[in-house]
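S.K.: Have a peek at my_file_21.pdb (PDB, C-alpha atoms, pLDDT in the B column).
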ATOM      1  CA  GLN G   1      63.076  16.142  27.799  1.00 85.00           C
ATOM      2  CA  VAL G   2      60.446  17.995  29.841  1.00 88.00           C
ATOM      3  CA  MET G   3      58.062  16.309  32.254  1.00 92.00           C
ATOM      4  CA  LEU G   4      55.150  17.838  34.132  1.00 94.00           C
ATOM      5  CA  VAL G   5      53.682  15.915  37.035  1.00 95.00           C
ATOM      6  CA  GLU G   6      50.426  16.857  38.728  1.00 96.00           C
ATOM      7  CA  SER G   7      49.242  15.930  42.196  1.00 95.00           C
ATOM      8  CA  GLY G   8      46.409  16.765  44.555  1.00 97.00           C
ATOM      9  CA  GLY G   9      43.292  15.567  42.791  1.00 95.00           C
ATOM     10  CA  GLY G  10      40.622  13.497  44.470  1.00 97.00           C
ATOM     11  CA  LEU G  11      37.023  13.286  45.598  1.00 98.00           C
ATOM     12  CA  VAL G  12      35.510  16.237  47.439  1.00 98.00           C
ATOM     13  CA  GLN G  13      32.005  17.257  48.426  1.00 98.00           C
ATOM     14  CA  PRO G  14      30.340  20.321  46.912  1.00 98.00           C
ATOM     15  CA  GLY G  15      31.567  23.436  48.675  1.00 98.00           C
ATOM     16  CA  GLY G  16      34.852  21.798  49.579  1.00 98.00           C
ATOM     17  CA  SER G  17      38.416  22.647  48.615  1.00 98.00           C
ATOM     18  CA  LEU G  18      41.352  21.012  46.910  1.00 98.00           C
ATOM     19  CA  ARG G  19      44.856  22.157  46.052  1.00 97.00           C
ATOM     20  CA  LEU G  20      46.515  20.942  42.881  1.00 98.00           C
ATOM     21  CA  SER G  21      50.247  21.119  42.390  1.00 96.00           C
ATOM     22  CA  CYS G  22      52.450  20.663  39.373  1.00 96.00           C
ATOM     23  CA  ALA G  23      56.192  20.379  39.047  1.00 93.00           C
ATOM     24  CA  ALA G  24      58.058  20.507  35.778  1.00 91.00           C
ATOM     25  CA  SER G  25      61.443  18.924  35.366  1.00 86.00           C
ATOM     26  CA  GLY G  26      63.856  18.771  32.504  1.00 85.00           C
ATOM     27  CA  THR G  27      65.900  21.034  30.328  1.00 79.00           C
ATOM     28  CA  ILE G  28      63.871  24.241  30.558  1.00 77.00           C
ATOM     29  CA  TYR G  29      65.183  26.540  33.255  1.00 77.00           C
ATOM     30  CA  ASN G  30      62.050  28.601  33.819  1.00 84.00           C
ATOM     31  CA  MET G  31      58.759  28.289  31.967  1.00 86.00           C
ATOM     32  CA  ASN G  32      57.416  31.554  30.523  1.00 89.00           C
ATOM     33  CA  VAL G  33      53.896  30.608  31.504  1.00 93.00           C
ATOM     34  CA  MET G  34      52.311  27.810  33.492  1.00 95.00           C
ATOM     35  CA  GLY G  35      48.691  26.994  33.895  1.00 96.00           C
ATOM     36  CA  TRP G  36      45.850  24.580  34.381  1.00 98.00           C
ATOM     37  CA  TYR G  37      43.354  23.268  31.906  1.00 98.00           C
ATOM     38  CA  ARG G  38      40.537  20.818  32.425  1.00 98.00           C
ATOM     39  CA  GLN G  39      38.522  18.373  30.397  1.00 98.00           C
ATOM     40  CA  ALA G  40      35.213  16.924  31.482  1.00 96.00           C
ATOM     41  CA  PRO G  41      33.802  13.755  29.902  1.00 92.00           C
ATOM     42  CA  GLY G  42      32.400  14.508  26.483  1.00 94.00           C
ATOM     43  CA  LYS G  43      33.744  18.045  26.450  1.00 96.00           C
ATOM     44  CA  GLU G  44      36.753  19.799  25.010  1.00 97.00           C
ATOM     45  CA  ARG G  45      39.742  20.815  27.064  1.00 97.00           C
ATOM     46  CA  GLU G  46      39.359  24.332  28.430  1.00 97.00           C
ATOM     47  CA  LEU G  47      41.514  26.914  30.127  1.00 98.00           C
ATOM     48  CA  VAL G  48      41.127  27.227  33.886  1.00 98.00           C
ATOM     49  CA  ALA G  49      43.908  29.629  34.847  1.00 98.00           C
ATOM     50  CA  VAL G  50      47.406  30.665  33.792  1.00 97.00           C
ATOM     51  CA  VAL G  51      50.230  32.599  35.418  1.00 95.00           C
ATOM     52  CA  THR G  52      53.272  34.109  33.745  1.00 93.00           C
ATOM     53  CA  ARG G  53      56.812  34.072  35.012  1.00 90.00           C
ATOM     54  CA  GLY G  54      56.247  37.685  36.060  1.00 89.00           C
ATOM     55  CA  GLY G  55      53.180  36.798  38.106  1.00 90.00           C
ATOM     56  CA  SER G  56      50.395  38.009  35.834  1.00 95.00           C
ATOM     57  CA  THR G  57      47.325  35.804  36.012  1.00 96.00           C
ATOM     58  CA  ASN G  58      44.316  35.055  33.866  1.00 97.00           C
ATOM     59  CA  TYR G  59      41.257  33.073  34.914  1.00 98.00           C
ATOM     60  CA  ALA G  60      38.292  31.557  33.157  1.00 97.00           C
ATOM     61  CA  ASP G  61      35.099  33.318  34.147  1.00 97.00           C
ATOM     62  CA  PHE G  62      33.660  30.187  35.700  1.00 95.00           C
ATOM     63  CA  VAL G  63      36.405  30.026  38.355  1.00 94.00           C
ATOM     64  CA  LYS G  64      36.911  33.689  39.178  1.00 93.00           C
ATOM     65  CA  GLY G  65      36.599  34.263  42.884  1.00 94.00           C
ATOM     66  CA  ARG G  66      36.887  30.555  43.666  1.00 98.00           C
ATOM     67  CA  PHE G  67      40.250  29.401  42.294  1.00 98.00           C
ATOM     68  CA  THR G  68      43.690  30.927  42.801  1.00 98.00           C
ATOM     69  CA  ILE G  69      46.748  30.085  40.737  1.00 97.00           C
ATOM     70  CA  SER G  70      50.270  30.707  41.955  1.00 95.00           C
ATOM     71  CA  ARG G  71      53.817  29.973  40.942  1.00 92.00           C
ATOM     72  CA  GLY G  72      55.800  28.121  43.557  1.00 78.00           C
ATOM     73  CA  ASN G  73      58.922  29.407  45.246  1.00 72.00           C
ATOM     74  CA  ALA G  74      60.867  26.871  43.261  1.00 75.00           C
ATOM     75  CA  ARG G  75      61.055  27.474  39.552  1.00 79.00           C
ATOM     76  CA  ASN G  76      58.730  25.523  37.267  1.00 87.00           C
ATOM     77  CA  MET G  77      56.157  24.825  39.941  1.00 92.00           C
ATOM     78  CA  VAL G  78      52.539  25.937  39.890  1.00 95.00           C
ATOM     79  CA  SER G  79      49.604  25.383  42.208  1.00 96.00           C
ATOM     80  CA  LEU G  80      45.866  25.817  41.926  1.00 98.00           C
ATOM     81  CA  GLN G  81      43.861  26.413  45.082  1.00 98.00           C
ATOM     82  CA  MET G  82      40.255  25.477  44.409  1.00 98.00           C
ATOM     83  CA  ASN G  83      37.579  26.600  46.855  1.00 98.00           C
ATOM     84  CA  ASN G  84      33.806  26.305  46.840  1.00 98.00           C
ATOM     85  CA  LEU G  85      33.970  23.442  44.388  1.00 98.00           C
ATOM     86  CA  LYS G  86      30.879  22.584  42.389  1.00 97.00           C
ATOM     87  CA  PRO G  87      29.814  19.337  40.722  1.00 97.00           C
ATOM     88  CA  GLU G  88      30.421  20.980  37.335  1.00 96.00           C
ATOM     89  CA  ASP G  89      34.098  21.353  38.283  1.00 98.00           C
ATOM     90  CA  THR G  90      34.448  17.589  37.948  1.00 98.00           C
ATOM     91  CA  ALA G  91      37.076  16.955  35.297  1.00 98.00           C
ATOM     92  CA  MET G  92      40.585  15.812  34.573  1.00 98.00           C
ATOM     93  CA  TYR G  93      42.885  18.728  35.343  1.00 98.00           C
ATOM     94  CA  TYR G  94      46.038  19.131  33.283  1.00 98.00           C
ATOM     95  CA  CYS G  95      49.119  21.158  34.048  1.00 97.00           C
ATOM     96  CA  ASN G  96      50.566  23.114  31.151  1.00 96.00           C
ATOM     97  CA  GLY G  97      53.878  24.844  30.670  1.00 94.00           C
ATOM     98  CA  GLY G  98      54.892  27.123  27.839  1.00 91.00           C
ATOM     99  CA  TYR G  99      58.364  28.087  26.655  1.00 89.00           C
ATOM    100  CA  SER G 100      59.656  29.440  23.376  1.00 88.00           C
ATOM    101  CA  GLY G 101      56.483  28.593  21.494  1.00 89.00           C
ATOM    102  CA  MET G 102      56.319  25.052  22.796  1.00 91.00           C
ATOM    103  CA  ALA G 103      53.591  23.681  25.045  1.00 93.00           C
ATOM    104  CA  TYR G 104      54.181  20.906  27.521  1.00 94.00           C
ATOM    105  CA  TRP G 105      51.497  18.857  29.267  1.00 96.00           C
ATOM    106  CA  GLY G 106      51.185  16.644  32.275  1.00 97.00           C
ATOM    107  CA  LYS G 107      49.131  13.458  32.271  1.00 97.00           C
ATOM    108  CA  GLY G 108      46.410  14.978  34.434  1.00 97.00           C
ATOM    109  CA  THR G 109      44.879  14.544  37.844  1.00 98.00           C
ATOM    110  CA  LEU G 110      41.218  13.721  38.368  1.00 98.00           C
ATOM    111  CA  VAL G 111      38.992  16.005  40.417  1.00 98.00           C
ATOM    112  CA  THR G 112      35.557  14.695  41.338  1.00 98.00           C
ATOM    113  CA  VAL G 113      33.047  16.889  43.124  1.00 98.00           C
ATOM    114  CA  SER G 114      30.166  14.834  44.435  1.00 97.00           C
ATOM    115  CA  SER G 115      28.132  14.259  47.555  1.00 95.00           C
TER     116      SER G 115
END
Show this structure as structure tokens.
M.R.:
Amino acid sequence: QVMLVESGGGLVQPGGSLRLSCAASGTIYNMNVMGWYRQAPGKERELVAVVTRGGSTNYADFVKGRFTISRGNARNMVSLQMNNLKPEDTAMYYCNGGYSGMAYWGKGTLVTVSS
């Protein structure tokens, strides 16, 4: 069984920063890819950023230059540093891990950007 647990969400003012973290536990030794997705109320879930086991990254256009994804020193950990947050970044953020064609999801952490 594989579990992904997110942490670090919360309320922040526009222009502020937050750091999300995710740790995966279970039977998979090292995820091939880990990433973050988000879903705002009334909208579909969308890709925010992903990073491969080798360190290659891919970002959605709307976060380029503001967010940075990184794999942790420990295996199966991923973080998302979010700077210059905007109200439109408000959403539930989900951690995702991929291995051998399977996708694993956390339960999400809420990020609210509001003054």
S.K.: Could you expand the PyMOL selection byres ((chain G and resi 26-29) around 8) into the explicit residues it covers here, written as a list in words?
M.R.: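 Expected selection for the PyMOL selection byres ((chain G and resi 26-29) around 8) here is Gln1, Val2, Met3, Ala24, Ser25, Asn30, Met31, Arg75, Asn76 and Tyr99 of chain G.
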S.K.: With distances taken over all atoms listed in the file, which residue among G:Pro14, G:Pro87, G:Gly35, G:Gly97 lies nearest Ala60 in chain G?
M.R.: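 When distances to Ala60 in chain G are compared using all atoms listed in the file, the smallest one comes from G:Gly35.
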S.K.: Using all atoms listed in the file, determine which residues lie at most 9 Å from Gly15 in chain G, disregarding the query and same-chain residues fewer than 2 positions distant; provide the list as a VMD selection string.
M.R.: chain G and resid 12 to 13 17 83 to 86 113
S.K.: Based on the selection just made, write C-alpha atoms of those residues as a PDB file, in the coordinates of the input.
M.R.:
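Generated output (result_25.pdb):
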ATOM      1  CA  VAL G  12      35.510  16.237  47.439  1.00 98.00           C
ATOM      2  CA  GLN G  13      32.005  17.257  48.426  1.00 98.00           C
ATOM      3  CA  SER G  17      38.416  22.647  48.615  1.00 98.00           C
ATOM      4  CA  ASN G  83      37.579  26.600  46.855  1.00 98.00           C
ATOM      5  CA  ASN G  84      33.806  26.305  46.840  1.00 98.00           C
ATOM      6  CA  LEU G  85      33.970  23.442  44.388  1.00 98.00           C
ATOM      7  CA  LYS G  86      30.879  22.584  42.389  1.00 97.00           C
ATOM      8  CA  VAL G 113      33.047  16.889  43.124  1.00 98.00           C
TER       9      VAL G 113
END
S.K.: Skipping near chain neighbours, those fewer than 4 positions away, what residues fall within 8 Å of Leu11 in chain G using all atoms listed in the file, listed as a PDB file with C-alpha atoms, in the coordinates of the input?
M.R.:
ATOM      1  CA  VAL G 111      38.992  16.005  40.417  1.00 98.00           C
ATOM      2  CA  THR G 112      35.557  14.695  41.338  1.00 98.00           C
ATOM      3  CA  VAL G 113      33.047  16.889  43.124  1.00 98.00           C
ATOM      4  CA  SER G 114      30.166  14.834  44.435  1.00 97.00           C
TER       5      SER G 114
END
S.K.: When you look at Pro41 in chain G with a cut-off of 8 Å (counting all atoms listed in the file), what residues show up, excluding the ones that are within fewer than 2 positions of it in the same chain? I need them as a ChimeraX atom specification.
M.R.: /G:39,43,91
S.K.: CA of Met82 in chain G and CA of Gly10 in chain G are how many Å apart?
M.R.: 12.0 Å
S.K.: Can you tell me, as lines of an AutoDock Vina configuration file, the centre and edge lengths (Å, one decimal) of the axis-aligned box enclosing all of range 20-31 of chain G's listed atoms after padding each side by 4 Å?
M.R.:
center_x = 56.2
center_y = 23.7
center_z = 36.6
size_x = 27.4
size_y = 17.8
size_z = 20.6
S.K.: Hey, what's within 10 Å of range 69-71 of chain G if we count all atoms listed in the file and toss same-chain stuff fewer than 3 positions away? As a list in words, please?
M.R.: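 The neighbour list is Arg19, Leu20, Ser21, Cys22, Val33, Met34, Gly35, Trp36, Val48, Ala49, Val50, Val51, Thr52, Arg53, Gly54, Gly55, Ser56, Thr57, Asn58, Tyr59, Ala74, Arg75, Asn76, Met77, Val78, Ser79, Leu80, Gln81 and Met82 of chain G.
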S.K.: Quick one: pull the distance between CA of Ser100 in chain G and CA of Phe62 in chain G, Å, one decimal.
M.R.: 28.8 Å
S.K.: Find the residues around Thr109 in chain G up to 7 Å (only C-alpha atoms counted), leave out those fewer than 6 positions away in its own chain, and share them as a PyMOL selection string.
M.R.: chain G and resi 6-7+9+92-94
S.K.: How far is it from CA of Ser115 in chain G to CA of Arg38 in chain G, in Å with one decimal?
M.R.: 20.6 Å
S.K.: In terms of the shortest atom-to-atom distance over all atoms listed in the file, which of G:Asn32, G:Phe67, G:Leu18, G:Tyr37 is closest to Cys95 in chain G?
M.R.: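 Closest to Cys95 in chain G of all the choices is G:Tyr37.
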S.K.: Pick the closest to Arg66 in chain G from G:Glu46, G:Tyr104, G:Gly98, G:Asp89: which is it, counting all atoms listed in the file?
M.R.: G:Asp89
S.K.: Which is closer to Asp61 in chain G than all the others in G:Leu47, G:Leu4, G:Met102, G:Ala40, using only C-alpha atoms?
M.R.: G:Leu47
